[in-house]
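Reproduced below: protein18.txt, with compact mmCIF, C-alpha atoms and all ligand atoms.
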```txt
# COMPACT_ATOMS: atom_id res chain seq x y z
CA MET K 660 4.61 -11.13 -16.11
CA ALA K 661 2.35 -9.09 -18.28
CA ILE K 662 1.65 -5.46 -18.98
CA LYS K 663 -2.00 -4.78 -18.15
CA GLU K 664 -4.30 -2.20 -19.67
CA ILE K 665 -4.76 0.81 -17.40
CA ILE K 666 -8.35 1.95 -17.22
CA LYS K 667 -9.01 5.66 -17.53
CA MET K 668 -11.08 8.25 -15.74
CA GLY K 669 -14.69 7.68 -16.76
CA HIS K 670 -14.53 3.96 -16.05
CA PRO K 671 -16.97 3.19 -13.19
CA LEU K 672 -14.54 0.92 -11.28
CA LEU K 673 -12.32 3.93 -10.59
CA LEU K 674 -15.17 5.39 -8.50
CA GLU K 675 -15.76 2.27 -6.37
CA LYS K 676 -14.42 1.23 -2.99
CA ALA K 677 -11.91 -1.61 -3.26
CA LYS K 678 -12.26 -4.78 -1.18
CA PRO K 679 -9.69 -5.88 1.40
CA VAL K 680 -7.23 -8.63 0.53
CA THR K 681 -7.96 -11.70 2.69
CA GLU K 682 -5.16 -14.08 1.67
CA PHE K 683 -1.48 -13.17 1.49
CA ASP K 684 1.50 -14.91 -0.07
CA THR K 685 -0.57 -16.69 -2.73
CA PRO K 686 0.56 -17.33 -6.32
CA GLU K 687 -2.34 -15.16 -7.58
CA LEU K 688 -1.31 -12.21 -5.40
CA HIS K 689 2.36 -12.51 -6.40
CA LYS K 690 1.43 -12.63 -10.08
CA LEU K 691 -0.79 -9.56 -9.71
CA VAL K 692 2.03 -7.65 -7.97
CA GLU K 693 4.49 -8.62 -10.74
CA ASP K 694 2.04 -7.52 -13.42
CA MET K 695 1.47 -4.22 -11.63
CA ILE K 696 5.22 -3.58 -11.35
CA GLU K 697 5.72 -4.29 -15.04
CA THR K 698 2.73 -2.12 -15.98
CA MET K 699 3.88 0.80 -13.81
CA GLU K 700 7.44 0.63 -15.14
CA SER K 701 6.27 0.47 -18.75
CA GLU K 702 4.46 3.79 -18.18
CA ASN K 703 7.23 5.34 -16.04
CA GLY K 704 4.71 5.81 -13.22
CA ALA K 705 5.48 6.58 -9.57
CA GLY K 706 2.58 4.47 -8.36
CA LEU K 707 -0.25 2.21 -9.40
CA ALA K 708 -3.38 0.98 -7.62
CA ALA K 709 -5.01 -2.38 -8.41
CA PRO K 710 -8.33 -0.78 -9.44
CA GLN K 711 -6.44 0.97 -12.26
CA ILE K 712 -5.92 -2.42 -13.90
CA ASN K 713 -9.52 -3.42 -13.20
CA GLU K 714 -8.84 -5.34 -9.95
CA GLY K 715 -11.07 -3.97 -7.19
CA ILE K 716 -8.84 -4.92 -4.25
CA GLN K 717 -6.91 -2.87 -1.69
CA LEU K 718 -3.45 -3.14 -3.20
CA VAL K 719 -1.17 -0.33 -4.33
CA ILE K 720 2.46 -0.17 -5.38
CA PHE K 721 4.61 2.95 -5.44
CA GLY K 722 8.14 4.23 -5.28
CA TYR K 723 11.25 4.04 -7.36
CA ASP K 724 14.01 1.68 -8.09
CA THR K 725 16.84 4.16 -7.46
CA GLU K 726 18.91 2.73 -10.33
CA ARG K 727 16.11 3.57 -12.70
CA TYR K 728 15.39 7.01 -11.26
CA PRO K 729 18.62 8.28 -9.67
CA ASP K 730 17.28 11.84 -9.37
CA ALA K 731 13.92 10.93 -7.89
CA GLU K 732 13.03 11.91 -4.35
CA ASP K 733 13.55 9.11 -1.93
CA VAL K 734 10.46 6.92 -2.01
CA PRO K 735 11.34 3.27 -1.46
CA PHE K 736 9.62 0.80 -3.71
CA THR K 737 6.66 -0.50 -1.69
CA VAL K 738 3.82 -2.99 -2.08
CA LEU K 739 1.06 -1.84 0.28
CA ILE K 740 -2.07 -3.88 0.97
CA ASN K 741 -5.16 -3.03 3.06
CA PRO K 742 -3.71 0.39 3.95
CA THR K 743 -4.85 2.88 6.54
CA ILE K 744 -3.63 6.47 6.61
CA ARG K 745 -3.57 8.81 9.58
CA PRO K 746 -2.53 12.46 9.18
CA LEU K 747 0.18 13.49 11.65
CA THR K 748 -0.48 17.18 11.10
CA LYS K 749 -3.40 19.29 9.95
CA GLU K 750 -0.99 21.12 7.67
CA THR K 751 -1.38 20.55 3.95
CA GLU K 752 0.72 21.59 0.98
CA ASP K 753 -0.10 21.93 -2.69
CA GLY K 754 1.80 19.89 -5.25
CA TRP K 755 1.42 18.91 -8.88
CA GLU K 756 0.07 15.43 -9.51
CA GLY K 757 -0.59 13.24 -12.46
CA CYS K 758 -2.19 9.83 -12.79
CA LEU K 759 -1.85 7.02 -15.31
CA SER K 760 -5.67 6.91 -15.44
CA VAL K 761 -5.75 10.62 -16.40
CA PRO K 762 -3.04 10.63 -19.07
CA GLY K 763 -1.39 13.86 -20.17
CA MET K 764 -2.92 15.96 -17.41
CA ARG K 765 -1.57 17.58 -14.24
CA GLY K 766 -3.34 19.23 -11.35
CA LEU K 767 -2.40 21.10 -8.19
CA VAL K 768 -3.60 19.04 -5.23
CA PRO K 769 -3.46 19.73 -1.47
CA ARG K 770 -2.23 16.80 0.63
CA TYR K 771 -1.29 16.32 4.27
CA LYS K 772 2.39 17.08 4.77
CA LYS K 773 2.98 14.26 7.26
CA ILE K 774 1.16 10.98 7.61
CA ASN K 775 1.42 7.61 9.22
CA TYR K 776 0.49 4.68 7.04
CA LYS K 777 -0.01 1.09 7.95
CA GLY K 778 -0.73 -2.03 5.96
CA PHE K 779 0.90 -5.23 4.78
CA ASP K 780 3.16 -6.35 2.00
CA GLN K 781 2.30 -9.24 -0.32
CA TYR K 782 3.72 -11.74 2.19
CA GLY K 783 1.50 -10.42 4.99
CA LYS K 784 4.37 -8.63 6.72
CA PRO K 785 3.18 -5.47 8.50
CA ILE K 786 4.24 -2.02 7.29
CA ASP K 787 4.08 0.98 9.64
CA ARG K 788 5.75 4.23 8.55
CA ASP K 789 5.74 7.93 9.37
CA VAL K 790 6.53 9.88 6.22
CA GLU K 791 6.36 13.38 4.79
CA GLY K 792 6.67 15.37 1.60
CA PHE K 793 6.57 13.58 -1.73
CA HIS K 794 6.45 10.15 -0.10
CA ALA K 795 3.35 11.20 1.87
CA ARG K 796 1.79 12.65 -1.30
CA VAL K 797 2.30 9.49 -3.35
CA VAL K 798 0.77 7.30 -0.64
CA GLN K 799 -2.26 9.59 -0.30
CA HIS K 800 -2.74 9.64 -4.08
CA GLU K 801 -2.51 5.86 -4.46
CA CYS K 802 -4.67 5.06 -1.45
CA ASP K 803 -7.32 7.47 -2.76
CA HIS K 804 -7.76 5.04 -5.66
CA LEU K 805 -8.96 2.45 -3.14
CA ILE K 806 -11.84 4.66 -2.02
CA GLY K 807 -12.91 5.64 -5.51
CA MET K 808 -11.24 9.04 -5.41
CA LEU K 809 -9.28 10.47 -8.34
CA TYR K 810 -6.96 13.47 -7.88
CA PRO K 811 -9.00 15.88 -10.10
CA LEU K 812 -11.77 15.59 -7.46
CA ARG K 813 -9.31 16.96 -4.87
CA ILE K 814 -8.22 20.03 -6.87
CA LYS K 815 -9.41 23.17 -5.08
CA ASP K 816 -8.96 25.59 -7.95
CA LEU K 817 -9.58 24.09 -11.39
CA ARG K 818 -7.52 26.84 -13.02
CA PHE K 819 -4.60 24.72 -11.84
CA PHE K 820 -5.63 21.68 -13.87
CA GLY K 821 -4.52 21.19 -17.44
CA PHE K 822 -2.44 19.45 -20.03
CA GLU K 823 1.08 18.75 -18.91
CA ASP K 824 2.75 19.83 -22.16
CA THR K 825 0.93 23.21 -22.02
CA LEU K 826 1.21 23.87 -18.26
CA PHE K 827 4.94 23.30 -18.22
CA SER K 828 5.86 24.48 -21.70
CA GLU K 829 7.98 27.45 -20.53
NI NI O 901 -3.42 7.69 -9.85
```
For this file, write the structure as structure tokens.
Amino acid sequence: MAIKEIIKMGHPLLLEKAKPVTEFDTPELHKLVEDMIETMESENGAGLAAPQINEGIQLVIFGYDTERYPDAEDVPFTVLINPTIRPLTKETEDGWEGCLSVPGMRGLVPRYKKINYKGFDQYGKPIDRDVEGFHARVVQHECDHLIGMLYPLRIKDLRFFGFEDTLFSE
């Protein structure tokens, strides 16, 4: 396993569409997943998309090991490949987001409250879940990375975008 460098906003790969994974359960894919897990944990992230470590493929990881984050909202640790998202409601809600590619910043982002997401794990096993709340937000954030979308581009009112230590200082 290895901790990879996370590329930051401004890098052109973060604005590109990622390519689908065509082969599952390969040593290369397993190594990439392990590296992503180690990289995400080293930064205490809630999610990481392959393009953030300069791999332009449709692979994201997210969620928490509950031993590590006992107070975190319930988002099971998930490896999600070639995902599709379908909103289950038109309703959106605003929530604060951050991103390891936009370090130190937070922004208020509208996301669908309930979604269905489908995809595969690293073994090619299908995933099909209806989720809401923070789980739905994390999936929408991570999957946005696969279409070249970063959360600051989704902020409706840029007054609600700033440095984390200043925004939440009180
Ligand atoms: Ni992100």
7 Å shell around ligand NI 901 (chain O) using all atoms listed in the file, listed as a ChimeraX atom specification: /K:706-707,757-760,800-801,804,809
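In this structure, CA of His670 in chain K sits 21.3 Å away from CA of Ser701 in chain K.
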CA of Glu682 in chain K to CA of Pro785 in chain K measures 13.8 Å
A straight line from CA of Lys777 in chain K to CA of Phe736 in chain K spans 15.1 Å
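Among the candidate residues K:Ile786, K:Val719, K:Ile806, K:Ala705, the one lying nearest to Leu672 in chain K is K:Ile806, with distances computed using all atoms listed in the file.
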key: Within 9 Å of Glu752 in chain K using only C-alpha atoms, minus same-chain residues under 3 positions, as a PyMOL selection string   = chain K and resi 768-772+792
- Message: Which residues are close to Glu791 in chain K, i.e. within 7 Å by all atoms listed in the file, leaving aside same-chain residues fewer than 3 positions away? Reply as a ChimeraX atom specification.
- Response: /K:772-774,794-795
Any chance you could export the current selection's C-alpha atoms as a PDB file, keeping the file's coordinate frame?
```pdb
ATOM      1  CA  LYS K 772       2.390  17.080   4.770  1.00  0.00           C
ATOM      2  CA  LYS K 773       2.980  14.260   7.260  1.00  0.00           C
ATOM      3  CA  ILE K 774       1.160  10.980   7.610  1.00  0.00           C
ATOM      4  CA  HIS K 794       6.450  10.150  -0.100  1.00  0.00           C
ATOM      5  CA  ALA K 795       3.350  11.200   1.870  1.00  0.00           C
TER       6      ALA K 795
END
```
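In terms of minimum interatomic distance to Ile716 in chain K, K:Leu673 ranks closest within K:Met660, K:Met699, K:Val761, K:Leu673, counting all atoms listed in the file.
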From the list K:Arg818, K:Lys663, K:Arg788, K:Lys676, the nearest residue to Cys802 in chain K using only C-alpha atoms is K:Lys676
Report task. For a cut-off of 12 Å around (5.0, -1.5, -3.8), file coordinates, pick out all residues using only C-alpha atoms and list them as an MDAnalysis selection string. Result -> chainID K and resid 689 691:697 699:700 704:709 718:724 734:740 742 778:782 786 797:798 801:802
